[in-house]
$ cat structure.cif   # mmCIF, C-alpha atoms
data_start
loop_
_atom_site.group_PDB
_atom_site.id
_atom_site.type_symbol
_atom_site.label_atom_id
_atom_site.label_comp_id
_atom_site.auth_asym_id
_atom_site.auth_seq_id
_atom_site.Cartn_x
_atom_site.Cartn_y
_atom_site.Cartn_z
ATOM 1 C CA MET A 1 0.000 0.000 0.000
ATOM 2 C CA THR A 2 1.386 3.408 -0.989
ATOM 3 C CA MET A 3 1.397 5.678 2.035
ATOM 4 C CA PRO A 4 2.059 9.398 2.697
ATOM 5 C CA LEU A 5 5.647 10.652 2.563
ATOM 6 C CA ASP A 6 5.339 11.347 6.301
ATOM 7 C CA LEU A 7 2.538 10.270 8.638
ATOM 8 C CA ILE A 8 2.597 11.892 12.086
ATOM 9 C CA LEU A 9 0.191 10.641 14.773
ATOM 10 C CA VAL A 10 -0.450 12.884 17.799
ATOM 11 C CA ARG A 11 -2.465 11.922 20.837
ATOM 12 C CA HIS A 12 -4.588 14.681 22.389
ATOM 13 C CA GLY A 13 -3.279 16.377 25.525
ATOM 14 C CA GLN A 14 -4.528 15.514 28.997
ATOM 15 C CA SER A 15 -8.323 15.764 29.037
ATOM 16 C CA GLU A 16 -10.758 16.346 31.878
ATOM 17 C CA GLN A 17 -11.679 12.674 31.562
ATOM 18 C CA ASN A 18 -8.029 11.594 31.896
ATOM 19 C CA HIS A 19 -7.662 13.779 34.984
ATOM 20 C CA ILE A 20 -10.867 12.552 36.626
ATOM 21 C CA LEU A 21 -10.019 8.861 36.132
ATOM 22 C CA HIS A 22 -6.442 9.428 37.319
ATOM 23 C CA GLU A 23 -7.664 11.047 40.528
ATOM 24 C CA ALA A 24 -10.296 8.335 41.023
ATOM 25 C CA ARG A 25 -7.608 5.625 40.841
ATOM 26 C CA LYS A 26 -5.923 7.410 43.762
ATOM 27 C CA GLY A 27 -9.190 7.388 45.730
ATOM 28 C CA ASP A 28 -10.469 10.919 45.020
ATOM 29 C CA ASN A 29 -14.080 10.604 43.790
ATOM 30 C CA SER A 30 -14.966 14.298 44.122
ATOM 31 C CA LEU A 31 -15.255 14.740 40.342
ATOM 32 C CA ASP A 32 -17.526 11.756 39.699
ATOM 33 C CA ASP A 33 -20.607 13.946 39.126
ATOM 34 C CA LEU A 34 -18.813 15.887 36.377
ATOM 35 C CA TYR A 35 -17.726 12.590 34.825
ATOM 36 C CA ARG A 36 -21.293 11.214 34.762
ATOM 37 C CA ALA A 37 -22.722 14.461 33.366
ATOM 38 C CA THR A 38 -20.291 14.867 30.452
ATOM 39 C CA PRO A 39 -20.728 12.937 27.174
ATOM 40 C CA PRO A 40 -17.483 11.141 26.219
ATOM 41 C CA SER A 41 -16.966 13.322 23.130
ATOM 42 C CA GLN A 42 -17.296 16.600 25.056
ATOM 43 C CA PHE A 43 -14.467 16.411 27.609
ATOM 44 C CA ARG A 44 -12.085 19.333 27.131
ATOM 45 C CA LEU A 45 -8.368 19.679 27.693
ATOM 46 C CA THR A 46 -7.083 20.570 31.132
ATOM 47 C CA ALA A 47 -4.558 23.393 31.587
ATOM 48 C CA LEU A 48 -1.854 20.707 31.496
ATOM 49 C CA GLY A 49 -3.344 19.272 28.304
ATOM 50 C CA ARG A 50 -3.229 22.666 26.585
ATOM 51 C CA GLU A 51 0.404 23.085 27.599
ATOM 52 C CA GLN A 52 1.240 19.587 26.338
ATOM 53 C CA ALA A 53 -0.329 20.384 22.960
ATOM 54 C CA LYS A 54 1.645 23.623 22.634
ATOM 55 C CA LYS A 55 4.892 21.842 23.512
ATOM 56 C CA THR A 56 4.124 19.126 20.961
ATOM 57 C CA GLY A 57 3.598 21.749 18.258
ATOM 58 C CA ALA A 58 6.886 23.424 19.178
ATOM 59 C CA TRP A 59 8.681 20.058 19.072
ATOM 60 C CA LEU A 60 7.244 19.246 15.639
ATOM 61 C CA LYS A 61 8.436 22.591 14.271
ATOM 62 C CA ALA A 62 11.899 22.040 15.749
ATOM 63 C CA GLU A 63 12.001 18.671 13.947
ATOM 64 C CA GLY A 64 11.173 20.297 10.611
ATOM 65 C CA PHE A 65 7.401 19.687 10.561
ATOM 66 C CA SER A 66 6.091 23.257 10.537
ATOM 67 C CA SER A 67 3.344 22.538 7.992
ATOM 68 C CA PHE A 68 1.450 19.604 6.488
ATOM 69 C CA ASP A 69 -0.305 18.982 3.180
ATOM 70 C CA ARG A 70 -3.249 17.299 4.885
ATOM 71 C CA ARG A 71 -4.454 17.510 8.474
ATOM 72 C CA TYR A 72 -6.913 15.051 10.052
ATOM 73 C CA VAL A 73 -8.498 15.358 13.497
ATOM 74 C CA SER A 74 -10.996 13.354 15.550
ATOM 75 C CA ASP A 75 -14.361 15.023 16.088
ATOM 76 C CA TYR A 76 -13.942 14.828 19.883
ATOM 77 C CA VAL A 77 -13.483 18.221 21.545
ATOM 78 C CA ARG A 78 -10.194 17.322 23.247
ATOM 79 C CA ALA A 79 -8.654 16.322 19.911
ATOM 80 C CA LYS A 80 -9.845 19.466 18.119
ATOM 81 C CA GLU A 81 -8.519 21.647 20.933
ATOM 82 C CA THR A 82 -5.168 19.840 20.711
ATOM 83 C CA ALA A 83 -5.046 20.427 16.947
ATOM 84 C CA GLY A 84 -5.604 24.131 17.481
ATOM 85 C CA HIS A 85 -2.907 24.441 20.140
ATOM 86 C CA LEU A 86 -0.339 22.669 17.926
ATOM 87 C CA ASP A 87 -0.316 25.832 15.799
ATOM 88 C CA ILE A 88 0.795 23.851 12.739
ATOM 89 C CA ALA A 89 0.248 25.327 9.273
ATOM 90 C CA GLY A 90 -1.653 23.633 6.462
ATOM 91 C CA PRO A 91 -5.049 23.483 4.733
ATOM 92 C CA ASN A 92 -8.275 23.222 6.703
ATOM 93 C CA TRP A 93 -8.451 20.272 9.088
ATOM 94 C CA TYR A 94 -10.456 17.261 7.933
ATOM 95 C CA VAL A 95 -12.734 16.343 10.868
ATOM 96 C CA GLU A 96 -12.716 12.550 10.598
ATOM 97 C CA HIS A 97 -15.389 10.710 12.614
ATOM 98 C CA GLY A 98 -13.571 7.417 12.109
ATOM 99 C CA LEU A 99 -10.770 8.757 14.324
ATOM 100 C CA ARG A 100 -13.060 9.010 17.348
ATOM 101 C CA GLU A 101 -12.072 7.288 20.575
ATOM 102 C CA ARG A 102 -12.833 3.605 21.013
ATOM 103 C CA GLU A 103 -16.489 3.015 21.842
ATOM 104 C CA TRP A 104 -16.601 1.901 25.486
ATOM 105 C CA GLY A 105 -20.383 1.508 25.566
ATOM 106 C CA GLU A 106 -21.901 1.245 29.030
ATOM 107 C CA LEU A 107 -18.488 1.630 30.678
ATOM 108 C CA ASP A 108 -18.275 5.240 29.459
ATOM 109 C CA GLY A 109 -20.950 6.254 31.936
ATOM 110 C CA MET A 110 -19.351 4.402 34.846
ATOM 111 C CA THR A 111 -17.029 5.949 37.402
ATOM 112 C CA TRP A 112 -13.737 4.205 38.137
ATOM 113 C CA GLU A 113 -15.282 2.620 41.249
ATOM 114 C CA ASP A 114 -18.288 1.393 39.244
ATOM 115 C CA ARG A 115 -15.980 -0.128 36.633
ATOM 116 C CA GLU A 116 -14.031 -2.040 39.254
ATOM 117 C CA LYS A 117 -17.272 -3.458 40.657
ATOM 118 C CA TYR A 118 -18.422 -4.402 37.156
ATOM 119 C CA PHE A 119 -15.269 -6.388 36.385
ATOM 120 C CA GLN A 120 -15.479 -8.236 39.716
ATOM 121 C CA THR A 121 -18.690 -9.851 38.469
ATOM 122 C CA ARG A 122 -17.304 -10.907 35.059
ATOM 123 C CA ALA A 123 -15.277 -14.019 34.326
ATOM 124 C CA TRP A 124 -13.801 -12.680 31.073
ATOM 125 C CA GLU A 125 -11.798 -9.511 31.679
ATOM 126 C CA PRO A 126 -10.060 -7.371 29.023
ATOM 127 C CA SER A 127 -6.643 -8.804 29.933
ATOM 128 C CA VAL A 128 -7.741 -12.318 28.884
ATOM 129 C CA ASP A 129 -7.921 -11.428 25.180
ATOM 130 C CA PRO A 130 -7.419 -7.648 24.886
ATOM 131 C CA LEU A 131 -7.564 -7.344 21.094
ATOM 132 C CA TYR A 132 -10.993 -8.985 20.830
ATOM 133 C CA TRP A 133 -12.602 -8.101 24.165
ATOM 134 C CA VAL A 134 -15.776 -6.020 23.643
ATOM 135 C CA PRO A 135 -17.039 -3.647 26.367
ATOM 136 C CA PRO A 136 -20.804 -3.973 26.925
ATOM 137 C CA ASN A 137 -22.448 -2.262 23.919
ATOM 138 C CA GLY A 138 -19.009 -0.992 22.843
ATOM 139 C CA GLU A 139 -16.357 -2.134 20.388
ATOM 140 C CA SER A 140 -13.173 -4.172 20.530
ATOM 141 C CA ILE A 141 -9.806 -2.917 19.317
ATOM 142 C CA ALA A 142 -10.183 -5.332 16.382
ATOM 143 C CA GLN A 143 -13.542 -3.775 15.444
ATOM 144 C CA MET A 144 -12.125 -0.260 15.740
ATOM 145 C CA MET A 145 -9.379 -1.179 13.274
ATOM 146 C CA MET A 146 -11.955 -1.496 10.498
ATOM 147 C CA ARG A 147 -12.688 2.229 10.564
ATOM 148 C CA ILE A 148 -8.964 3.033 10.744
ATOM 149 C CA ARG A 149 -8.347 0.799 7.730
ATOM 150 C CA THR A 150 -10.906 2.876 5.811
ATOM 151 C CA LEU A 151 -8.901 6.038 6.516
ATOM 152 C CA LEU A 152 -5.661 4.297 5.494
ATOM 153 C CA ASP A 153 -7.339 3.373 2.191
ATOM 154 C CA THR A 154 -8.175 7.055 1.679
ATOM 155 C CA MET A 155 -4.575 8.042 2.392
ATOM 156 C CA HIS A 156 -3.414 5.422 -0.089
ATOM 157 C CA ARG A 157 -5.611 6.964 -2.811
ATOM 158 C CA GLU A 158 -5.148 10.654 -2.018
ATOM 159 C CA CYS A 159 -1.990 11.264 0.035
ATOM 160 C CA SER A 160 0.871 9.253 -1.466
ATOM 161 C CA ASP A 161 2.770 12.473 -2.264
ATOM 162 C CA LYS A 162 1.798 14.347 0.911
ATOM 163 C CA GLN A 163 2.903 14.982 4.480
ATOM 164 C CA VAL A 164 -0.002 14.097 6.778
ATOM 165 C CA ILE A 165 -0.703 14.765 10.462
ATOM 166 C CA VAL A 166 -3.427 12.979 12.461
ATOM 167 C CA VAL A 167 -4.627 14.159 15.902
ATOM 168 C CA CYS A 168 -6.543 11.413 17.639
ATOM 169 C CA HIS A 169 -6.606 9.120 20.703
ATOM 170 C CA GLY A 170 -4.288 6.591 22.322
ATOM 171 C CA GLU A 171 -6.147 3.437 21.351
ATOM 172 C CA VAL A 172 -6.678 4.770 17.834
ATOM 173 C CA MET A 173 -2.900 5.161 17.589
ATOM 174 C CA TRP A 174 -2.518 1.512 18.663
ATOM 175 C CA ALA A 175 -4.897 0.524 15.857
ATOM 176 C CA PHE A 176 -2.747 2.438 13.357
ATOM 177 C CA ARG A 177 0.375 0.707 14.677
ATOM 178 C CA TYR A 178 -1.194 -2.732 14.515
ATOM 179 C CA LEU A 179 -2.181 -2.270 10.886
ATOM 180 C CA LEU A 180 0.920 -0.434 9.646
ATOM 181 C CA GLU A 181 3.373 -2.744 11.411
ATOM 182 C CA ARG A 182 1.363 -5.846 10.462
ATOM 183 C CA MET A 183 1.439 -7.093 14.045
ATOM 184 C CA SER A 184 0.144 -10.439 15.175
ATOM 185 C CA SER A 185 -2.511 -10.456 17.874
ATOM 186 C CA GLN A 186 0.039 -12.110 20.174
ATOM 187 C CA ARG A 187 2.561 -9.293 19.635
ATOM 188 C CA TRP A 188 -0.113 -6.676 20.291
ATOM 189 C CA ALA A 189 -1.094 -8.399 23.559
ATOM 190 C CA GLN A 190 2.567 -8.403 24.647
ATOM 191 C CA LEU A 191 2.866 -4.674 24.021
ATOM 192 C CA GLU A 192 -0.459 -3.967 25.712
ATOM 193 C CA ALA A 193 0.742 -5.712 28.879
ATOM 194 C CA SER A 194 4.274 -4.278 28.780
ATOM 195 C CA ASP A 195 5.690 -1.853 31.343
ATOM 196 C CA GLU A 196 8.865 -1.275 29.336
ATOM 197 C CA PRO A 197 9.879 2.358 28.693
ATOM 198 C CA GLY A 198 8.856 3.633 25.285
ATOM 199 C CA VAL A 199 5.891 1.265 24.840
ATOM 200 C CA LYS A 200 3.030 3.130 26.527
ATOM 201 C CA ILE A 201 1.403 5.959 24.548
ATOM 202 C CA TYR A 202 1.228 8.807 27.030
#

$ encode --input "structure.cif" --output "structure tokens"
Amino acid sequence: MTMPLDLILVRHGQSEQNHILHEARKGDNSLDDLYRATPPSQFRLTALGREQAKKTGAWLKAEGFSSFDRRYVSDYVRAKETAGHLDIAGPNWYVEHGLREREWGELDGMTWEDREKYFQTRAWEPSVDPLYWVPPNGESIAQMMMRIRTLLDTMHRECSDKQVIVVCHGEVMWAFRYLLERMSSQRWAQLEASDEPGVKIY
């Protein structure tokens, strides 16, 4: 498959959702009401997330990527805010719905505490078969790859002579990697479980 000259994937900066779940893991549930009240697509960047996006844009420019021929962004607010704070030149952003975060279904409305209780009642947890595990009324990583493959097909047809940037989400980036690196499901599971430096997408 012919691909863009350069393909840069950027994860959005820290979002309100990231912050709330991080604090909940440490035992602080004071933001649970905000979490329940906010649709998954509407979480915004935190002050830290905005700073991370600006630093990423500065780093890209320092590496010689001050502009792109095509720019794609997820429709989620946190991704669009990140794209804006990158301050990278190019034509209008393509808002690509296929780049949205993985569909977590019923788990999206659950607090961290509720999720832990849910998994205590289930025999088959995500770690058993992470590539194919489907959240209730959500989608597996394998299912999500089908919409990423569609975008790769578009890039093959339209972007073979272009520099392309994509602003999206961590698990979407894993789907790109799986497809582009032609990973086996076993290799993906190893990386998913790894604590080695350089593996996790921060």

$ closest_atom_pairs --input "structure.cif" --of "stretch 37-103 of chain A" --to "stretch 155-158 of chain A" --cutoff "12 Å" --atoms "only C-alpha atoms" --output "Markdown table"
| residue | atom | partner | partner_atom | distance |
| --- | --- | --- | --- | --- |
| A:Asp69 | CA | A:Glu158 | CA | 10.9 |
| A:Arg70 | CA | A:Met155 | CA | 9.7 |
| A:Arg71 | CA | A:Met155 | CA | 11.3 |
| A:Tyr72 | CA | A:Met155 | CA | 10.6 |

$ residues_around --input "structure.cif" --residues "A:Arg177" --least-positions-apart "6" --cutoff "10 Å" --atoms "all atoms listed in the file" --output "mmCIF file with C-alpha atoms, in the frame of the given file"
data_model
loop_
_atom_site.group_PDB
_atom_site.id
_atom_site.type_symbol
_atom_site.label_atom_id
_atom_site.label_comp_id
_atom_site.auth_asym_id
_atom_site.auth_seq_id
_atom_site.Cartn_x
_atom_site.Cartn_y
_atom_site.Cartn_z
ATOM 1 C CA LEU A 9 0.191 10.641 14.773
ATOM 2 C CA GLU A 171 -6.147 3.437 21.351
ATOM 3 C CA MET A 183 1.439 -7.093 14.045
ATOM 4 C CA TRP A 188 -0.113 -6.676 20.291
#

$ atom_distance --input "structure.cif" --atom1 "atom CA of A:Thr154" --atom2 "atom CA of A:Arg182"
18.3 Å

$ atom_distance --input "structure.cif" --atom1 "atom CA of A:Ala58" --atom2 "atom CA of A:Ile201"
19.1 Å

$ resolve_selection --input "structure.cif" --expression "the PyMOL selection byres ((chain A and resi 84-101) around 7)" --output "list in words"
Arg50, Ala53, Lys54, Thr56, Gly57, Ser66, Ser67, Phe68, Asp69, Arg70, Arg71, Tyr72, Val73, Ser74, Asp75, Tyr76, Lys80, Glu81, Thr82, Ala83, Arg102, Glu103, Arg147, Ile148, Cys168, His169 and Val172 of chain A

$ atom_distance --input "structure.cif" --atom1 "atom CA of A:Gly105" --atom2 "atom CA of A:Gly49"
24.8 Å

$ residues_near_point --input "structure.cif" --point "(-6.2, -1.9, 10.1)" --cutoff "7 Å" --atoms "all atoms listed in the file" --output "list in words"
Met145, Met146, Ile148, Arg149, Ala175, Phe176, Tyr178 and Leu179 of chain A

$ closest_residue --input "structure.cif" --among "A:Ile165, A:Asp33, A:Gln190, A:Val199" --to "A:Pro4" --atoms "all atoms listed in the file"
A:Ile165

$ resolve_selection --input "structure.cif" --expression "the PyMOL selection byres ((chain A and resi 113) around 10)" --output "PyMOL selection string"
chain A and resi 21+24-25+27+29+32+110-112+114-118

$ closest_residue --input "structure.cif" --among "A:Gln163, A:Ala193, A:Glu16, A:Trp104" --to "A:Gln143" --atoms "all atoms listed in the file"
A:Trp104

$ closest_residue --input "structure.cif" --among "A:Leu131, A:Tyr35, A:Phe43, A:Ala62" --to "A:Ser185" --atoms "all atoms listed in the file"
A:Leu131

$ resolve_selection --input "structure.cif" --expression "the PyMOL selection byres ((chain A and resi 42) around 8)" --output "count of residues only"
9
